[in-house]
Amino acid sequence: MKTLLVIAGEASGDLHGAELLRELKARQPDLRIIGIGGAGMTPYLDRKLADVSDLSVMGFVEVLRHIPGLLRLKKEILRIAKEENIGAALLIDYQSFNLSLAKSLRKAMPKVLLNQYVCPQVWAWKVGRIPVLGNLLDTLYCLFDFEPTLFAGLPVEAVWMGHPLVEVVKPEVDRETFYRETGLDPAHPVVALLPGSRRSEIQRLVPPLAQLAKAWRADSTHRDVQWVLPVAPTLDCNFVARVLDGAPVTLIESRSYAPRAYADAALVCSGTATLETALLGTPFAIVYKMNTLNYRIAKRFVKVPHFGLANVVAGRLVAPELLQDEVNPERLALELSKLLDPVCAVSARKGLAEVRAHLGEPGAAGRVAEHLLGKMS
């Protein structure tokens with residue numbers, strides 16, 4: 001069996017990739033895997049070409065600044081792919097870079113199997129990429145039940161395997177241990193802050209969140225609220241602390257799910273984190289803020305009524321969405337007050353259960369591994 005090239009470009013891709021690589025190695029221990037990943041994927045890589053942090057940029061403006069470095073990295077990947085004589089490539093999300101890489105691989109190594117894990121969000125924007133992907137890829141492993149129909153009639157084998165988060169998302173420790181570790185008071189409400197896994201997201205989202213936490217700590221009505229922020233593994237804790245600028249927020253490392261699972265409400269950056277929080281059943285609001293130029297460009301292309309992934313999957317608004325200038329202390333306070341209201345919380349949890357119903361049964365990573373190894377044999 002020939003070598004498998006795997007490329008993930010951000011924290012969520014590393015999460016999915018780690019589970020899949022673990023399943024691949026369990027079934028085929030001698031399978032040689034090379035590629036790009038983060039802390040999760042690294043133990044399963046026989047040859048690591050770079051880290052996800054080397055690719056973790058987003059937004060139209062930010063990407064432009066990093067194009068020279070990304071082009072150099074792509075050239076190096078192609079060189080090593082030929083050197084290793086890979087038999088297949090597994091590209092995990094990170095659509096712009098991976099699409100360009102897939103085209104180059106197809107041209108340089110026509111017989112290599114091209115597989116994409118996580119369907120790019122072509123249903124939201126860049127609908128024109130559907131035929132491009134459908135004619136370029138051999139297999140597209142979809143996470144959501146509505147995605148395969150988008151590629152009907154195209155050569156690609158688009159299959160829904162379910163979402164790996166279904167079995168991955170669970171608290172790392174029990175409630176008692178969590179409160180003992182953090183020193184929080186279980187008698188008082190907890191709000192989890194999830195401002196993202198990129199430095200740019202921290203710089204844009206944390207300041208208004210910090211202002212809210214400071215304002216509520218100074219207000220006798222909300223003084224008892226406790227704030228926690230699980231720090232993504234792609235970020236430096238000291239950097240996040242500096243941006244918080246003295247806000248009364250407890251930073252938590254190595255605990256991504258427990259802070260949300262045991263929180264009474266959460267404010268969550270748009271993206272995979274919204275699905276995770278929905279699976280944990282914690283009422284939350286989706287927040288996002290991007291570069292102004294990026295936002296103006298995105299508004300022209302986004303074709304779905306909701307920008308939050310949890311809402312897209314549910315097909316309706318199960319979590320309120322705050323975008324751009326709406327991400328301010330006053331609006332955040334209004335939405336958070338609703339989420340902390342017991343009656344509203346019950347209604348919110350019912351809506352979040354709808355998201356879970358669209359994500360399939362546990363075992364997605366194992367099913368993808370079986371299918372991929374079958375195609376490589």
# chains A, B, ... in the order shown; residues from 1 in each chain; ligands from 1
>>> select_by_dssp(residues="segment 137-350 of chain A", states="alpha helix (DSSP H)", output="ChimeraX atom specification")
/A:165-168,175-182,199-218,237-244,258-261,272-280,292-301,309-314,329-340,342-350
>>> residues_around(residues="segment 111-119 of chain A", least_positions_apart="4", cutoff="9 Å", atoms="only C-alpha atoms", output="PyMOL selection string")
chain A and resi 13+16-17+86-95+98+102+105-106+136-144+147-148+158+368+372+375-376
>>> write_last_selection(atoms="N, CA and C atoms", output="mmCIF file, in the first residue's frame")
data_model
loop_
_atom_site.group_PDB
_atom_site.id
_atom_site.type_symbol
_atom_site.label_atom_id
_atom_site.label_comp_id
_atom_site.auth_asym_id
_atom_site.auth_seq_id
_atom_site.Cartn_x
_atom_site.Cartn_y
_atom_site.Cartn_z
ATOM 1 N N GLY A 13 -9.725 21.206 11.416
ATOM 2 C CA GLY A 13 -9.236 20.158 10.529
ATOM 3 C C GLY A 13 -8.317 19.196 11.253
ATOM 4 N N HIS A 16 -10.596 16.790 13.295
ATOM 5 C CA HIS A 16 -11.161 15.728 12.454
ATOM 6 C C HIS A 16 -10.075 14.777 11.971
ATOM 7 N N GLY A 17 -8.936 15.356 11.580
ATOM 8 C CA GLY A 17 -7.849 14.543 11.056
ATOM 9 C C GLY A 17 -7.282 13.587 12.083
ATOM 10 N N ILE A 86 3.395 9.036 -3.385
ATOM 11 C CA ILE A 86 2.120 8.826 -2.692
ATOM 12 C C ILE A 86 1.103 8.148 -3.607
ATOM 13 N N GLY A 87 0.214 7.384 -2.988
ATOM 14 C CA GLY A 87 -0.845 6.727 -3.746
ATOM 15 C C GLY A 87 -2.169 7.460 -3.645
ATOM 16 N N ALA A 88 -2.311 8.259 -2.579
ATOM 17 C CA ALA A 88 -3.566 8.983 -2.373
ATOM 18 C C ALA A 88 -3.317 10.216 -1.531
ATOM 19 N N ALA A 89 -4.193 11.189 -1.675
ATOM 20 C CA ALA A 89 -4.153 12.398 -0.857
ATOM 21 C C ALA A 89 -5.492 12.555 -0.163
ATOM 22 N N LEU A 90 -5.445 12.960 1.092
ATOM 23 C CA LEU A 90 -6.658 13.242 1.850
ATOM 24 C C LEU A 90 -6.571 14.691 2.298
ATOM 25 N N LEU A 91 -7.398 15.533 1.706
ATOM 26 C CA LEU A 91 -7.376 16.966 1.981
ATOM 27 C C LEU A 91 -8.526 17.301 2.923
ATOM 28 N N ILE A 92 -8.191 17.852 4.077
ATOM 29 C CA ILE A 92 -9.189 18.085 5.118
ATOM 30 C C ILE A 92 -9.563 19.560 5.172
ATOM 31 N N ASP A 93 -10.779 19.863 4.722
ATOM 32 C CA ASP A 93 -11.310 21.222 4.766
ATOM 33 C C ASP A 93 -10.318 22.209 4.137
ATOM 34 N N TYR A 94 -10.161 23.408 4.697
ATOM 35 C CA TYR A 94 -9.210 24.423 4.235
ATOM 36 C C TYR A 94 -9.267 24.563 2.721
ATOM 37 N N GLN A 95 -10.458 24.950 2.240
ATOM 38 C CA GLN A 95 -10.804 24.749 0.846
ATOM 39 C C GLN A 95 -9.945 25.466 -0.186
ATOM 40 N N ASN A 98 -6.377 23.816 -0.316
ATOM 41 C CA ASN A 98 -6.472 22.412 -0.710
ATOM 42 C C ASN A 98 -7.004 22.229 -2.127
ATOM 43 N N ALA A 102 -4.966 20.287 -4.856
ATOM 44 C CA ALA A 102 -5.574 19.158 -5.572
ATOM 45 C C ALA A 102 -5.386 19.293 -7.084
ATOM 46 N N LEU A 105 -1.766 18.495 -7.835
ATOM 47 C CA LEU A 105 -1.516 17.058 -7.690
ATOM 48 C C LEU A 105 -2.078 16.289 -8.886
ATOM 49 N N ARG A 106 -3.268 16.661 -9.327
ATOM 50 C CA ARG A 106 -3.896 15.985 -10.466
ATOM 51 C C ARG A 106 -3.046 16.139 -11.714
ATOM 52 N N LEU A 136 -12.966 17.139 -10.266
ATOM 53 C CA LEU A 136 -11.562 17.030 -9.870
ATOM 54 C C LEU A 136 -11.309 15.887 -8.886
ATOM 55 N N LEU A 137 -12.185 15.777 -7.871
ATOM 56 C CA LEU A 137 -11.971 14.809 -6.793
ATOM 57 C C LEU A 137 -12.460 13.410 -7.169
ATOM 58 N N ASP A 138 -11.845 12.408 -6.546
ATOM 59 C CA ASP A 138 -12.340 11.034 -6.677
ATOM 60 C C ASP A 138 -13.426 10.761 -5.643
ATOM 61 N N THR A 139 -13.187 11.234 -4.412
ATOM 62 C CA THR A 139 -14.146 11.010 -3.332
ATOM 63 C C THR A 139 -14.289 12.260 -2.488
ATOM 64 N N LEU A 140 -15.516 12.559 -2.094
ATOM 65 C CA LEU A 140 -15.793 13.680 -1.203
ATOM 66 C C LEU A 140 -16.585 13.143 -0.015
ATOM 67 N N TYR A 141 -15.965 13.171 1.151
ATOM 68 C CA TYR A 141 -16.616 12.692 2.373
ATOM 69 C C TYR A 141 -17.340 13.860 3.038
ATOM 70 N N CYS A 142 -18.672 13.785 3.058
ATOM 71 C CA CYS A 142 -19.503 14.887 3.548
ATOM 72 C C CYS A 142 -19.879 14.693 5.019
ATOM 73 N N LEU A 143 -19.954 15.797 5.746
ATOM 74 C CA LEU A 143 -20.309 15.746 7.163
ATOM 75 C C LEU A 143 -21.796 15.944 7.406
ATOM 76 N N PHE A 144 -22.485 16.590 6.455
ATOM 77 C CA PHE A 144 -23.897 16.916 6.647
ATOM 78 C C PHE A 144 -24.775 16.178 5.645
ATOM 79 N N GLU A 147 -25.496 17.513 1.881
ATOM 80 C CA GLU A 147 -24.421 17.862 0.948
ATOM 81 C C GLU A 147 -24.277 16.953 -0.278
ATOM 82 N N PRO A 148 -24.407 15.623 -0.165
ATOM 83 C CA PRO A 148 -24.187 14.781 -1.350
ATOM 84 C C PRO A 148 -25.073 15.122 -2.536
ATOM 85 N N ALA A 158 -19.612 11.396 -3.877
ATOM 86 C CA ALA A 158 -19.904 12.206 -2.693
ATOM 87 C C ALA A 158 -20.746 11.376 -1.729
ATOM 88 N N VAL A 368 -15.196 6.437 7.388
ATOM 89 C CA VAL A 368 -14.354 7.067 6.362
ATOM 90 C C VAL A 368 -13.067 6.268 6.189
ATOM 91 N N LEU A 372 -11.850 4.660 2.695
ATOM 92 C CA LEU A 372 -10.621 5.137 2.086
ATOM 93 C C LEU A 372 -9.605 4.007 1.891
ATOM 94 N N LYS A 375 -10.458 1.928 -1.065
ATOM 95 C CA LYS A 375 -10.120 2.529 -2.359
ATOM 96 C C LYS A 375 -8.613 2.489 -2.622
ATOM 97 N N MET A 376 -7.812 2.492 -1.557
ATOM 98 C CA MET A 376 -6.365 2.490 -1.721
ATOM 99 C C MET A 376 -5.804 1.093 -1.945
#
>>> residues_around(residues="Leu73 of chain A", least_positions_apart="4", cutoff="12 Å", atoms="only C-alpha atoms", output="compact mmCIF listing (two decimals) with C-alpha atoms, in the first residue's frame")
# COMPACT_ATOMS: atom_id res chain seq x y z
CA ILE A 7 -3.28 18.08 4.71
CA GLY A 9 -4.96 23.75 7.65
CA GLY A 35 1.44 15.65 5.76
CA ILE A 36 0.44 18.75 7.69
CA LEU A 49 5.79 18.52 6.59
CA ALA A 50 4.51 21.56 8.50
CA ASP A 51 2.12 22.55 11.28
CA VAL A 52 -1.44 23.85 10.94
CA ASP A 54 1.77 27.63 9.17
CA LEU A 55 -1.48 27.66 7.19
CA HIS A 66 0.41 35.18 3.11
CA ILE A 67 0.24 34.10 -0.55
CA PRO A 68 4.04 33.95 -1.13
CA GLY A 69 4.55 31.69 1.87
CA ILE A 77 4.39 19.53 -0.64
CA LEU A 78 4.35 18.63 -4.33
CA ARG A 79 8.08 17.89 -4.28
CA ILE A 80 7.74 15.59 -1.27
CA PHE A 97 -5.39 26.04 -0.37
CA ASN A 98 -6.47 22.41 -0.71
CA SER A 100 -5.25 24.61 -5.47
CA LEU A 101 -3.13 21.73 -4.17
>>> residues_around(residues="Pro155 of chain A", least_positions_apart="2", cutoff="8 Å", atoms="only C-alpha atoms", output="ChimeraX atom specification")
/A:134-135,138,153,157
>>> closest_atom_pairs(of="segment 221-291 of chain A", to="segment 190-211 of chain A", cutoff="8 Å", atoms="only C-alpha atoms", output="CSV")
residue,atom,partner,partner_atom,distance
A:Val225,CA,A:Val190,CA,5.8
A:Gln226,CA,A:Val190,CA,4.7
A:Trp227,CA,A:Val191,CA,5.0
A:Val228,CA,A:Ala192,CA,4.9
A:Leu229,CA,A:Leu193,CA,4.9
A:Pro230,CA,A:Leu194,CA,6.9
A:Val231,CA,A:Ser197,CA,7.8
A:Ala232,CA,A:Ser197,CA,5.3
A:Pro233,CA,A:Ser197,CA,7.7
A:Thr234,CA,A:Ser197,CA,6.1
A:Leu235,CA,A:Ser197,CA,6.5
A:Val240,CA,A:Ile202,CA,7.0
A:Val243,CA,A:Val206,CA,6.7
A:Leu244,CA,A:Ala210,CA,5.5
A:Asp245,CA,A:Ala210,CA,7.5
A:Ala247,CA,A:Ala210,CA,5.3
A:Pro248,CA,A:Ala210,CA,7.9
A:Val249,CA,A:Ala210,CA,7.8
A:Pro259,CA,A:Ala192,CA,6.3
A:Arg260,CA,A:Ala192,CA,5.7
A:Tyr262,CA,A:Val190,CA,7.6
A:Ala263,CA,A:Val190,CA,4.8
A:Asp264,CA,A:Val190,CA,5.4
A:Ala265,CA,A:Val191,CA,5.1
A:Ala266,CA,A:Ala192,CA,4.5
A:Leu267,CA,A:Leu193,CA,5.1
A:Val268,CA,A:Leu194,CA,4.6
A:Cys269,CA,A:Pro195,CA,5.0
A:Ser270,CA,A:Gly196,CA,8.0
A:Ala273,CA,A:Leu194,CA,7.6
A:Val287,CA,A:Leu205,CA,8.0
A:Tyr288,CA,A:Leu205,CA,7.1
A:Lys289,CA,A:Arg204,CA,6.3
A:Met290,CA,A:Arg204,CA,7.3
>>> select_by_dssp(residues="segment 135-346 of chain A", states="strand (DSSP E or B)", output="MDAnalysis selection string")
chainID A and resid 139:142 157:160 190:194 226:230 249:252 265:269 284:288 321:323
>>> residues_around(residues="Arg356 of chain A", least_positions_apart="3", cutoff="9 Å", atoms="only C-alpha atoms", output="PyMOL selection string")
chain A and resi 166+275+278-279+314+352-353+359-360
>>> atom_distance(atom1="atom CA of Ser337 of chain A", atom2="atom CA of His222 of chain A")
9.4 Å
>>> atom_distance(atom1="atom CA of Ile252 of chain A", atom2="atom CA of Leu184 of chain A")
11.7 Å
>>> atom_distance(atom1="atom CA of Leu317 of chain A", atom2="atom CA of Thr149 of chain A")
23.0 Å
>>> residues_around(residues="His188 of chain A", least_positions_apart="2", cutoff="6 Å", atoms="only C-alpha atoms", output="PDB file with C-alpha atoms, in the first residue's frame")
ATOM      1  CA  ASP A 185     -18.443  28.324  42.586  1.00  0.00           C
ATOM      2  CA  PRO A 186     -21.115  25.848  41.378  1.00  0.00           C
ATOM      3  CA  ASP A 224     -22.005  36.691  40.605  1.00  0.00           C
TER       4      ASP A 224
END
